[in-house]
6 protein chains.
Amino acid sequence: MRQLSCWLAVLCCLATVEGRAQETTLASMTGKTVLVFSPHPDDELLGAGGTIALLNQHHNRVLVVLYTNDDKGSYDREMSSQRLARIRKAEEEAAEAVLGTPKENISWMGYDDGMLEYAPQPKLVEETTAIIRRVRPDVLLCPDPGEWYVRWHKTDHRMAANNTVDAVRAAEFWLYFPNQLLEQRLEPYQVPLMYFYYTTPQEANTWVNIDALMPVKLASAAKHVSQFEPAISKYRPDWDPDDLAKFEVEMKQSQPKKDGHYVELFRRATGFNQE
Amino acid sequence: MRQLSCWLAVLCCLATVEGRAQETTLASMTGKTVLVFSPHPDDELLGAGGTIALLNQHHNRVLVVLYTNDDKGSYDREMSSQRLARIRKAEEEAAEAVLGTPKENISWMGYDDGMLEYAPQPKLVEETTAIIRRVRPDVLLCPDPGEWYVRWHKTDHRMAANNTVDAVRAAEFWLYFPNQLLEQRLEPYQVPLMYFYYTTPQEANTWVNIDALMPVKLASAAKHVSQFEPAISKYRPDWDPDDLAKFEVEMKQSQPKKDGHYVELFRRATGFNQE
Amino acid sequence: MRQLSCWLAVLCCLATVEGRAQETTLASMTGKTVLVFSPHPDDELLGAGGTIALLNQHHNRVLVVLYTNDDKGSYDREMSSQRLARIRKAEEEAAEAVLGTPKENISWMGYDDGMLEYAPQPKLVEETTAIIRRVRPDVLLCPDPGEWYVRWHKTDHRMAANNTVDAVRAAEFWLYFPNQLLEQRLEPYQVPLMYFYYTTPQEANTWVNIDALMPVKLASAAKHVSQFEPAISKYRPDWDPDDLAKFEVEMKQSQPKKDGHYVELFRRATGFNQE
Amino acid sequence: MRQLSCWLAVLCCLATVEGRAQETTLASMTGKTVLVFSPHPDDELLGAGGTIALLNQHHNRVLVVLYTNDDKGSYDREMSSQRLARIRKAEEEAAEAVLGTPKENISWMGYDDGMLEYAPQPKLVEETTAIIRRVRPDVLLCPDPGEWYVRWHKTDHRMAANNTVDAVRAAEFWLYFPNQLLEQRLEPYQVPLMYFYYTTPQEANTWVNIDALMPVKLASAAKHVSQFEPAISKYRPDWDPDDLAKFEVEMKQSQPKKDGHYVELFRRATGFNQE
Amino acid sequence: MRQLSCWLAVLCCLATVEGRAQETTLASMTGKTVLVFSPHPDDELLGAGGTIALLNQHHNRVLVVLYTNDDKGSYDREMSSQRLARIRKAEEEAAEAVLGTPKENISWMGYDDGMLEYAPQPKLVEETTAIIRRVRPDVLLCPDPGEWYVRWHKTDHRMAANNTVDAVRAAEFWLYFPNQLLEQRLEPYQVPLMYFYYTTPQEANTWVNIDALMPVKLASAAKHVSQFEPAISKYRPDWDPDDLAKFEVEMKQSQPKKDGHYVELFRRATGFNQE
Amino acid sequence: MRQLSCWLAVLCCLATVEGRAQETTLASMTGKTVLVFSPHPDDELLGAGGTIALLNQHHNRVLVVLYTNDDKGSYDREMSSQRLARIRKAEEEAAEAVLGTPKENISWMGYDDGMLEYAPQPKLVEETTAIIRRVRPDVLLCPDPGEWYVRWHKTDHRMAANNTVDAVRAAEFWLYFPNQLLEQRLEPYQVPLMYFYYTTPQEANTWVNIDALMPVKLASAAKHVSQFEPAISKYRPDWDPDDLAKFEVEMKQSQPKKDGHYVELFRRATGFNQE
């Protein structure tokens, strides 16, 4: 009952947030297909890297889709967009390898860094819909399209979050982009379960304990050399040991905790209306 | 004092929400012209159907404008967009007839389901402005363009809410789309009163008691056969009696209550800045 | 550490709002370059006029950039957009002169009133980026792109707020619009400090006492004759004395107070992620 | 046989141009509905004004649709776009009245002068399609979308010509914009006959003798006061007698002649592929 | 010498058209990869079907790419766009099978009929570029983007012709869409040879004798049942024998001849500047 | 008489082309401001380089505006767009220096190579209009927007030609982009004379003898090292002597001749309708 559930969502939503049982399926699921959308190489790691490592350990098939190539975030005047894209791609593959995701599970939508909001929007949702219909994930992860992010979710983040949820809706009904069924044999698909990362403490309803995975998460983050100083200002392919030590301290400090444990926060939702 | 009132709105708004007297003019007004914008056929019913029935009973002239034709929400492989649009149009006319709105009071903007956000936006606001200037409503109803809906108000809902309020602003000043005055003799018009449906309990400031109207609302909702199972999965023009009974139970459960009464919630506002 | 700070912002933001020391640098700084973006002529005055007067008094260099020409907000049928734009420009110059900002410090992006959201967005952010890279401000002021404004921040306000922050981000990395460096010799620039006006009491973290500046602010506001009645309905270049008196009373009443003092509210932020 | 005829058109077209009998139905038809599209007020007069007068004399129903309001072509600094649009509209009504077209047969699409090419194109063709389906003309006149005009047909002319022919095609098949049938009861319609004005001597295949109509054409053209000097440089609502005399001489000189007669040139075509 | 050749093209082009030797490589080549772009299912047949049959007979690998799904060209009110797309796809596969092209060599870009011009253009050229870089054809066929077609090449034809040539240019330089190389391993590719079909007799420089292939071409065309009467007005999956006989007569009459032989006409070109 | 002249242009144009006296003002003018628009660095040289040298020798002020940065045309995998743009800018300055144009007379609109057609078009014409109103040229040079170029004038060339002529029209009437007058003090301006380069022999009506300037033109062209082999395939900042010799031979061969003299061809026009 599509529309009715929409309406219920409207009326009951805030109450529901409180009342929802804290299912921790993310931490225990096995044998599932998990599709992770990330605006840039490293967002999925920062928001959900420990959980991704856990999912891989538990024999789930994790697939990562990158919206953009992240080819602008450097202060280095010797850098170019073409070179930075190559660097970021290699870093992403190395970082995901640390989490247990094989290189062939990573795919790229090919948009330029910072320009996702200016991409032709119906095309963007059409492409994302095709990915969902092809992968047919048991679980989908993406940034939280929630209200709080309006301010923070500038450009790529805002667009990646909204667009993914819009595509989840479109994927369900074959009359959206019917040529995908006719010409590419992509059957419609209803995503059963979503976990939004980059959510707020106020809206989180799922916490994954990553105490045991912190070393893996740190090691994975350290592969994104070009995203941190000194390599932002002047690219070098490796860390200065001091910088790395400081980086790990800061990572640990900024990693959220709950009841004394390192956790990753998610908002769990079961429909495109985010019930 | 246009701009000053904007400024007041900024500074005083949240305080005001609390302090505003709960006027129930919606429940008692008579002889007014009421213009209702709805993203899809059925949204205005789910959000404000009891109130629309009441307004019709009280000899107001209710006009309903549908942004989209709702031609995609089916799982049925035998369905087509052209056929679904025909079905949805007939259902909408039947459902509004139950609420007392005559067929000739329903008009359609003709956008495709799920594609409102991708329509050319200045054109969309121009068309909506023309409707407001032509109808010159005493009261306007539309989905709440409020902050909470950012997450939920995907595509059509988000766009219908924002666009309607943008058109309310444009309608007031003749220098927006001045050809409407020159070529279509559409005078500028200031909407005196708005009620936003699909609002949150936290933001609602108006509650209409619909205890007496629940049977009408249920009967109206039941006309939207194709929007609910089993007709979403495999279209049939009528209900299975068991499904219908279950549907009515769920509708009642999901209808908000206040002090033991069935209510519809609105956020009342008196200017395009939503004071 | 660009990305890490993003992540910290996500996780720590709401807590931080509370904990941040209430630095009042705005009230005491001197010798700085302050760049103020305003959607329309008068928004920067209503939101931050006392503060701008103070900044000018303290020998800072204040530059004001207007996104739009404000050429639509009149009920007068004898008015035209070309004439209204001329009036608004002269009023803006007079109003800023009262605050101490010289005419040559005011510049105009030239968009039409109410149409900023329909401007080509990548071009808009590119132009704004060039302004920031050229001016290289110590402090930047613009409307708050915060969550609460989704509802209120219609069209021009919403777009001016978001677009300015997006340009702050782009200005920092030379690979955004690299032709600005090559062809216009515009070096990348990192804005060190932002204050958002039109913020909410709940989100404000900076309050500037403007008790002593209220007469200046009122005098400046009174220059915007065409923005208030009776000149909105029928343009006249001066006030009726009774209207002016009433206007000043209302301005005072609507000016926020804190601990018995007139204040202007800001949300202070130090990065494009609004830490 | 839709597609086959397309193909024939491709292969035989240039030969056909020569061989086609010079039917002069335009000059003799009666009791028909004739729909004339014009980019600006005066283009239909300059290209086909004598013919329009003849059609009105012969008891055909002539309807004129103006794409734009022509609100920019003045050197007068006291002019405004709103005022110029009013002037141009009054002039058009006066000029068409001289040709025998009643005011109520003139309608306006409302686009701004010089901006037709920047209008959202699918919307433009959709609106034009609705006009054709509503009017159901026996004959349609519009500027020639031919190859030679690529250079000359800048902006409004180029777009008006191409868009009209694209709408002729769309009008024929109900699956283009099917909501027009469903929601506005606009049946599909196949335009049987088109005459393109503003064609070249090389491509013309129809010549209408307007010897007897030259006084009417001149009188009609003289109503477009604001389009000619001195009123372009400094608007005045009437002619200087000397200027008018000179204007009439120039008009006569520039009116094409064939075998010693004043003629208007057309390219006749019978399908959207312009066979 | 890229730019110099452009310049030469400008200056020498018309002369060159005459002087170019009439190479008939199309008729004799073998073992090549031939990539055919077609706006709709049937355009490549009508323009080059005999030649395609010949190429298949000569053991070339022919790949056909359809820009649109051709889902609008029916007068039948029982038809729907979804159903018509299915019919057209089946007919295309059957028609190409007659020419010897296997079903797996046909691919679809998935645009809606008549809407290609309104697709986001940079995206369209990017997708087409990827196809060319993936297929790496020895020879490319598409409609002639020539001057004469401005008039006739409405919407899909005009866009398919221009867009294909634009993509040929982009395919050559890896800095166009560099993510195709990085993320999809698509190497840049220079198309060595193009033949434009739907050219004019005046511009043709290559004629393929299809005397022996006329029966195949007719049999293939007859598979496009829905494109011709009576199936346009009221769909039926087969021909009335009388209609078919008449259709074949017309097809033969309209097929161009040269020196008493049935031919297909092409404009041969060797660079994106169409030298 | 604006519109009348348009009409005359339509009817008399082709005849006029023949009849127009071959004024050679370009070759003899002195003390004029000449504004040259070029799609890429080198187009203005290839089409009009000898003439530009002559104009500089004759003490005219030549200003060159480049639409794009030409950052894609390389086969070199070590190249990047940022680096190529730098190279092309330096080459352009060196090449124009040979023609006598000082570096400060060269300006760049900053669009990416091959993407001009995808730039927001109303913005593009607005920017170009501002340039014309600022420079106020006695003579304007740009590629010919003529019919023949439809085929050849792909993307940047097609757009640069059409857009420049559209801006010439807009520049004349202050109601186009009236904020340019109000906010930037840019007075409207009527371009008195245009010469289109990259015209065809058939359409040329002006030929400039460049016999004496061929060495200068060759020397200037040789500065565009990266545009020719071997530097397209593998960048090097200088020529191989053999390549250079061959290049000069080819340049000479391809330079058009008239009556035994090297010439540059132009189509002279005196209004935006290209009379």
# chains A, B, ... in the order shown; residues from 1 in each chain; ligands from 1
$ interface_residues --of "chain B" --to "chain D" --cutoff "7 Å" --atoms "only C-alpha atoms" --output "PDB file with N, CA and C atoms, in the first residue's frame"
ATOM      1  N   ARG B  86      -5.100   7.341 -17.199  1.00  0.00           N
ATOM      2  CA  ARG B  86      -6.565   7.352 -17.353  1.00  0.00           C
ATOM      3  C   ARG B  86      -7.251   6.827 -16.099  1.00  0.00           C
ATOM      4  N   TRP B 108      -5.739  19.729 -14.049  1.00  0.00           N
ATOM      5  CA  TRP B 108      -4.496  18.958 -14.084  1.00  0.00           C
ATOM      6  C   TRP B 108      -3.407  19.770 -14.762  1.00  0.00           C
ATOM      7  N   GLY B 110      -0.609  18.358 -15.671  1.00  0.00           N
ATOM      8  CA  GLY B 110      -0.159  17.482 -16.744  1.00  0.00           C
ATOM      9  C   GLY B 110       1.279  17.000 -16.662  1.00  0.00           C
ATOM     10  N   PRO B 120      10.996  22.232 -16.176  1.00  0.00           N
ATOM     11  CA  PRO B 120      11.681  23.535 -16.164  1.00  0.00           C
ATOM     12  C   PRO B 120      11.073  24.425 -15.079  1.00  0.00           C
ATOM     13  N   ASN B 179       3.468  39.560 -18.579  1.00  0.00           N
ATOM     14  CA  ASN B 179       2.619  39.232 -19.725  1.00  0.00           C
ATOM     15  C   ASN B 179       1.308  38.584 -19.301  1.00  0.00           C
ATOM     16  N   LEU B 182      -0.880  41.586 -19.103  1.00  0.00           N
ATOM     17  CA  LEU B 182      -1.069  42.239 -20.398  1.00  0.00           C
ATOM     18  C   LEU B 182      -1.845  41.353 -21.369  1.00  0.00           C
ATOM     19  N   GLU B 183      -1.461  40.107 -21.450  1.00  0.00           N
ATOM     20  CA  GLU B 183      -1.961  39.257 -22.529  1.00  0.00           C
ATOM     21  C   GLU B 183      -3.110  38.351 -22.097  1.00  0.00           C
TER      22      GLU B 183
END
$ select_by_dssp --residues "region 66-182 of chain E" --states "strand (DSSP E or B)" --output "number ranges by chain"
E: 66-68, 106-111, 139-143
$ write_last_selection --atoms "C-alpha atoms" --output "JSON list (two decimals), in the first residue's frame"
[["chain", "number", "residue", "atom", "x", "y", "z"],
["E", 66, "LEU", "CA", 19.53, 2.94, -32.06],
["E", 67, "TYR", "CA", 19.27, 6.36, -30.48],
["E", 68, "THR", "CA", 15.55, 6.17, -29.70],
["E", 106, "ILE", "CA", 21.91, -4.38, -31.96],
["E", 107, "SER", "CA", 22.01, -2.00, -29.01],
["E", 108, "TRP", "CA", 19.75, 0.78, -27.81],
["E", 109, "MET", "CA", 20.60, 4.10, -26.23],
["E", 110, "GLY", "CA", 17.09, 4.22, -24.80],
["E", 111, "TYR", "CA", 15.89, 7.75, -25.59],
["E", 139, "VAL", "CA", 33.84, 2.39, -40.64],
["E", 140, "LEU", "CA", 31.03, 4.44, -39.11],
["E", 141, "LEU", "CA", 27.64, 5.10, -40.74],
["E", 142, "CYS", "CA", 25.19, 7.78, -39.61],
["E", 143, "PRO", "CA", 22.73, 10.29, -41.11]]
$ atom_distance --atom1 "CA of Thr155 (chain E)" --atom2 "CA of Leu116 (chain E)"
6.5 Å
$ atom_distance --atom1 "CA of Ile52 (chain E)" --atom2 "CA of Gly100 (chain E)"
8.1 Å
$ closest_residue --among "B:Pro41, B:Gly31, B:Pro145, B:Gly73" --to "Tyr197 (chain B)" --atoms "only C-alpha atoms"
B:Pro145
$ residues_around --residues "region 226-243 of chain A" --least-positions-apart "5" --cutoff "12 Å" --atoms "only C-alpha atoms" --output "number ranges by chain"
A: 40-43, 46, 70-80, 83-92, 221, 248-251; C: 1-6, 172-174
$ write_last_selection --atoms "C-alpha atoms" --output "PDB file, in the first residue's frame"
ATOM      1  CA  HIS A  40      33.732  10.698  -3.091  1.00  0.00           C
ATOM      2  CA  PRO A  41      36.383   8.074  -2.532  1.00  0.00           C
ATOM      3  CA  ASP A  42      36.709   8.043   1.277  1.00  0.00           C
ATOM      4  CA  ASP A  43      33.212   9.093   2.374  1.00  0.00           C
ATOM      5  CA  LEU A  46      34.811   7.674   7.098  1.00  0.00           C
ATOM      6  CA  ASP A  70      37.327  13.578  -6.495  1.00  0.00           C
ATOM      7  CA  ASP A  71      39.642  15.412  -8.879  1.00  0.00           C
ATOM      8  CA  LYS A  72      39.740  18.887  -7.364  1.00  0.00           C
ATOM      9  CA  GLY A  73      40.732  18.799  -3.684  1.00  0.00           C
ATOM     10  CA  SER A  74      44.388  19.707  -3.863  1.00  0.00           C
ATOM     11  CA  TYR A  75      46.363  22.856  -3.120  1.00  0.00           C
ATOM     12  CA  ASP A  76      49.299  21.585  -5.184  1.00  0.00           C
ATOM     13  CA  ARG A  77      49.930  23.717  -8.275  1.00  0.00           C
ATOM     14  CA  GLU A  78      51.769  20.859  -9.953  1.00  0.00           C
ATOM     15  CA  MET A  79      48.694  18.694  -9.677  1.00  0.00           C
ATOM     16  CA  SER A  80      46.160  18.301 -12.478  1.00  0.00           C
ATOM     17  CA  ARG A  83      46.413  13.055 -12.346  1.00  0.00           C
ATOM     18  CA  LEU A  84      44.480  13.594  -9.138  1.00  0.00           C
ATOM     19  CA  ALA A  85      41.684  11.365 -10.405  1.00  0.00           C
ATOM     20  CA  ARG A  86      44.220   8.624 -11.060  1.00  0.00           C
ATOM     21  CA  ILE A  87      45.706   9.026  -7.577  1.00  0.00           C
ATOM     22  CA  ARG A  88      42.315   8.993  -5.888  1.00  0.00           C
ATOM     23  CA  LYS A  89      41.252   5.907  -7.778  1.00  0.00           C
ATOM     24  CA  ALA A  90      44.360   4.006  -6.724  1.00  0.00           C
ATOM     25  CA  GLU A  91      43.955   5.159  -3.121  1.00  0.00           C
ATOM     26  CA  GLU A  92      40.325   4.091  -3.065  1.00  0.00           C
ATOM     27  CA  ALA A 221      42.032   5.690   6.034  1.00  0.00           C
ATOM     28  CA  GLU A 248      45.687   8.364  13.797  1.00  0.00           C
ATOM     29  CA  VAL A 249      45.271  10.163  17.070  1.00  0.00           C
ATOM     30  CA  GLU A 250      42.834  12.583  15.540  1.00  0.00           C
ATOM     31  CA  MET A 251      40.918   9.851  13.787  1.00  0.00           C
TER      32      MET A 251
ATOM     33  CA  MET C   1      43.116  17.700   6.800  1.00  0.00           C
ATOM     34  CA  ARG C   2      40.209  18.545   4.660  1.00  0.00           C
ATOM     35  CA  GLN C   3      38.138  15.440   4.661  1.00  0.00           C
ATOM     36  CA  LEU C   4      38.741  14.575   8.230  1.00  0.00           C
ATOM     37  CA  SER C   5      37.462  17.901   9.329  1.00  0.00           C
ATOM     38  CA  CYS C   6      34.329  17.259   7.277  1.00  0.00           C
ATOM     39  CA  GLU C 172      39.901  27.254  -1.803  1.00  0.00           C
ATOM     40  CA  PHE C 173      40.995  24.750  -4.460  1.00  0.00           C
ATOM     41  CA  TRP C 174      42.523  26.067  -7.655  1.00  0.00           C
TER      42      TRP C 174
END
$ atom_distance --atom1 "CA of Tyr189 (chain B)" --atom2 "CA of Ala245 (chain C)"
28.6 Å
$ residues_around --residues "Asp138 (chain C)" --least-positions-apart "2" --cutoff "12 Å" --atoms "only C-alpha atoms" --output "list in words"
Thr25, Leu26, Met29, Thr30, Gly31, Lys32, Thr33, Val34, Leu35, Val36, Asn60, Arg61, Val62, Leu63, Ile132, Arg133, Val135, Arg136, Leu140, Leu141, Tyr189, Gln190, Val191, Pro192, Leu193, Met194, Tyr195 and Thr270 of chain C
$ write_last_selection --atoms "N, CA and C atoms" --output "PDB file, in the first residue's frame"
ATOM      1  N   THR C  25      34.505  38.711  18.038  1.00  0.00           N
ATOM      2  CA  THR C  25      35.451  39.393  17.169  1.00  0.00           C
ATOM      3  C   THR C  25      34.778  40.385  16.230  1.00  0.00           C
ATOM      4  N   LEU C  26      33.591  40.086  15.796  1.00  0.00           N
ATOM      5  CA  LEU C  26      32.910  40.990  14.872  1.00  0.00           C
ATOM      6  C   LEU C  26      32.827  42.390  15.459  1.00  0.00           C
ATOM      7  N   MET C  29      36.837  43.808  15.785  1.00  0.00           N
ATOM      8  CA  MET C  29      37.921  43.696  14.799  1.00  0.00           C
ATOM      9  C   MET C  29      38.163  45.028  14.095  1.00  0.00           C
ATOM     10  N   THR C  30      39.377  45.159  13.562  1.00  0.00           N
ATOM     11  CA  THR C  30      39.754  46.413  12.917  1.00  0.00           C
ATOM     12  C   THR C  30      40.750  46.124  11.792  1.00  0.00           C
ATOM     13  N   GLY C  31      40.699  46.928  10.763  1.00  0.00           N
ATOM     14  CA  GLY C  31      41.655  46.783   9.668  1.00  0.00           C
ATOM     15  C   GLY C  31      41.452  45.559   8.798  1.00  0.00           C
ATOM     16  N   LYS C  32      40.288  44.971   8.887  1.00  0.00           N
ATOM     17  CA  LYS C  32      40.036  43.753   8.116  1.00  0.00           C
ATOM     18  C   LYS C  32      39.248  44.069   6.837  1.00  0.00           C
ATOM     19  N   THR C  33      39.303  43.112   5.905  1.00  0.00           N
ATOM     20  CA  THR C  33      38.441  43.182   4.726  1.00  0.00           C
ATOM     21  C   THR C  33      37.235  42.280   4.977  1.00  0.00           C
ATOM     22  N   VAL C  34      36.054  42.875   4.914  1.00  0.00           N
ATOM     23  CA  VAL C  34      34.819  42.153   5.206  1.00  0.00           C
ATOM     24  C   VAL C  34      33.954  42.138   3.941  1.00  0.00           C
ATOM     25  N   LEU C  35      33.633  40.932   3.479  1.00  0.00           N
ATOM     26  CA  LEU C  35      32.835  40.796   2.254  1.00  0.00           C
ATOM     27  C   LEU C  35      31.434  40.329   2.628  1.00  0.00           C
ATOM     28  N   VAL C  36      30.441  41.131   2.252  1.00  0.00           N
ATOM     29  CA  VAL C  36      29.058  40.852   2.628  1.00  0.00           C
ATOM     30  C   VAL C  36      28.253  40.504   1.380  1.00  0.00           C
ATOM     31  N   ASN C  60      37.405  48.924   9.287  1.00  0.00           N
ATOM     32  CA  ASN C  60      37.491  47.771   8.405  1.00  0.00           C
ATOM     33  C   ASN C  60      37.029  48.200   7.007  1.00  0.00           C
ATOM     34  N   ARG C  61      37.422  47.422   5.998  1.00  0.00           N
ATOM     35  CA  ARG C  61      36.959  47.715   4.642  1.00  0.00           C
ATOM     36  C   ARG C  61      35.788  46.780   4.331  1.00  0.00           C
ATOM     37  N   VAL C  62      34.601  47.342   4.319  1.00  0.00           N
ATOM     38  CA  VAL C  62      33.405  46.541   4.068  1.00  0.00           C
ATOM     39  C   VAL C  62      33.028  46.632   2.588  1.00  0.00           C
ATOM     40  N   LEU C  63      32.880  45.462   1.960  1.00  0.00           N
ATOM     41  CA  LEU C  63      32.440  45.405   0.563  1.00  0.00           C
ATOM     42  C   LEU C  63      31.121  44.650   0.504  1.00  0.00           C
ATOM     43  N   ILE C 132      35.202  36.070  -4.558  1.00  0.00           N
ATOM     44  CA  ILE C 132      35.921  35.741  -3.319  1.00  0.00           C
ATOM     45  C   ILE C 132      37.430  35.721  -3.552  1.00  0.00           C
ATOM     46  N   ARG C 133      37.839  35.126  -4.661  1.00  0.00           N
ATOM     47  CA  ARG C 133      39.279  35.057  -4.945  1.00  0.00           C
ATOM     48  C   ARG C 133      39.855  36.437  -5.227  1.00  0.00           C
ATOM     49  N   VAL C 135      38.545  39.456  -3.927  1.00  0.00           N
ATOM     50  CA  VAL C 135      38.473  40.290  -2.709  1.00  0.00           C
ATOM     51  C   VAL C 135      39.357  39.734  -1.594  1.00  0.00           C
ATOM     52  N   ARG C 136      39.398  38.386  -1.483  1.00  0.00           N
ATOM     53  CA  ARG C 136      40.212  37.731  -0.453  1.00  0.00           C
ATOM     54  C   ARG C 136      39.877  38.271   0.940  1.00  0.00           C
ATOM     55  N   LEU C 140      33.700  36.832   5.935  1.00  0.00           N
ATOM     56  CA  LEU C 140      32.624  36.831   4.934  1.00  0.00           C
ATOM     57  C   LEU C 140      31.288  36.740   5.659  1.00  0.00           C
ATOM     58  N   LEU C 141      30.335  37.585   5.271  1.00  0.00           N
ATOM     59  CA  LEU C 141      28.973  37.522   5.818  1.00  0.00           C
ATOM     60  C   LEU C 141      27.989  37.134   4.725  1.00  0.00           C
ATOM     61  N   TYR C 189      41.833  30.900  -2.665  1.00  0.00           N
ATOM     62  CA  TYR C 189      41.791  31.604  -1.384  1.00  0.00           C
ATOM     63  C   TYR C 189      40.896  30.857  -0.406  1.00  0.00           C
ATOM     64  N   GLN C 190      41.383  30.708   0.813  1.00  0.00           N
ATOM     65  CA  GLN C 190      40.609  30.042   1.863  1.00  0.00           C
ATOM     66  C   GLN C 190      40.023  31.091   2.797  1.00  0.00           C
ATOM     67  N   VAL C 191      38.715  31.190   2.822  1.00  0.00           N
ATOM     68  CA  VAL C 191      38.051  32.164   3.702  1.00  0.00           C
ATOM     69  C   VAL C 191      38.220  31.704   5.150  1.00  0.00           C
ATOM     70  N   PRO C 192      38.850  32.519   5.990  1.00  0.00           N
ATOM     71  CA  PRO C 192      39.139  32.025   7.340  1.00  0.00           C
ATOM     72  C   PRO C 192      37.956  32.055   8.296  1.00  0.00           C
ATOM     73  N   LEU C 193      36.991  32.933   8.026  1.00  0.00           N
ATOM     74  CA  LEU C 193      35.956  33.155   9.040  1.00  0.00           C
ATOM     75  C   LEU C 193      34.669  33.622   8.369  1.00  0.00           C
ATOM     76  N   MET C 194      33.548  33.014   8.776  1.00  0.00           N
ATOM     77  CA  MET C 194      32.244  33.420   8.233  1.00  0.00           C
ATOM     78  C   MET C 194      31.289  33.704   9.379  1.00  0.00           C
ATOM     79  N   TYR C 195      30.447  34.694   9.169  1.00  0.00           N
ATOM     80  CA  TYR C 195      29.321  34.929  10.076  1.00  0.00           C
ATOM     81  C   TYR C 195      28.049  34.911   9.245  1.00  0.00           C
ATOM     82  N   THR C 270      33.893  28.441  10.617  1.00  0.00           N
ATOM     83  CA  THR C 270      35.270  28.650  10.175  1.00  0.00           C
ATOM     84  C   THR C 270      35.686  27.824   8.969  1.00  0.00           C
TER      85      THR C 270
END
$ residues_around --residues "Glu264 (chain D)" --least-positions-apart "6" --cutoff "9 Å" --atoms "only C-alpha atoms" --output "PyMOL selection string"
chain D and resi 47-51+197+206-210+255-257
$ select_by_dssp --residues "region 57-113 of chain C" --states "alpha helix (DSSP H)" --output "PyMOL selection string"
chain C and resi 57+81-99
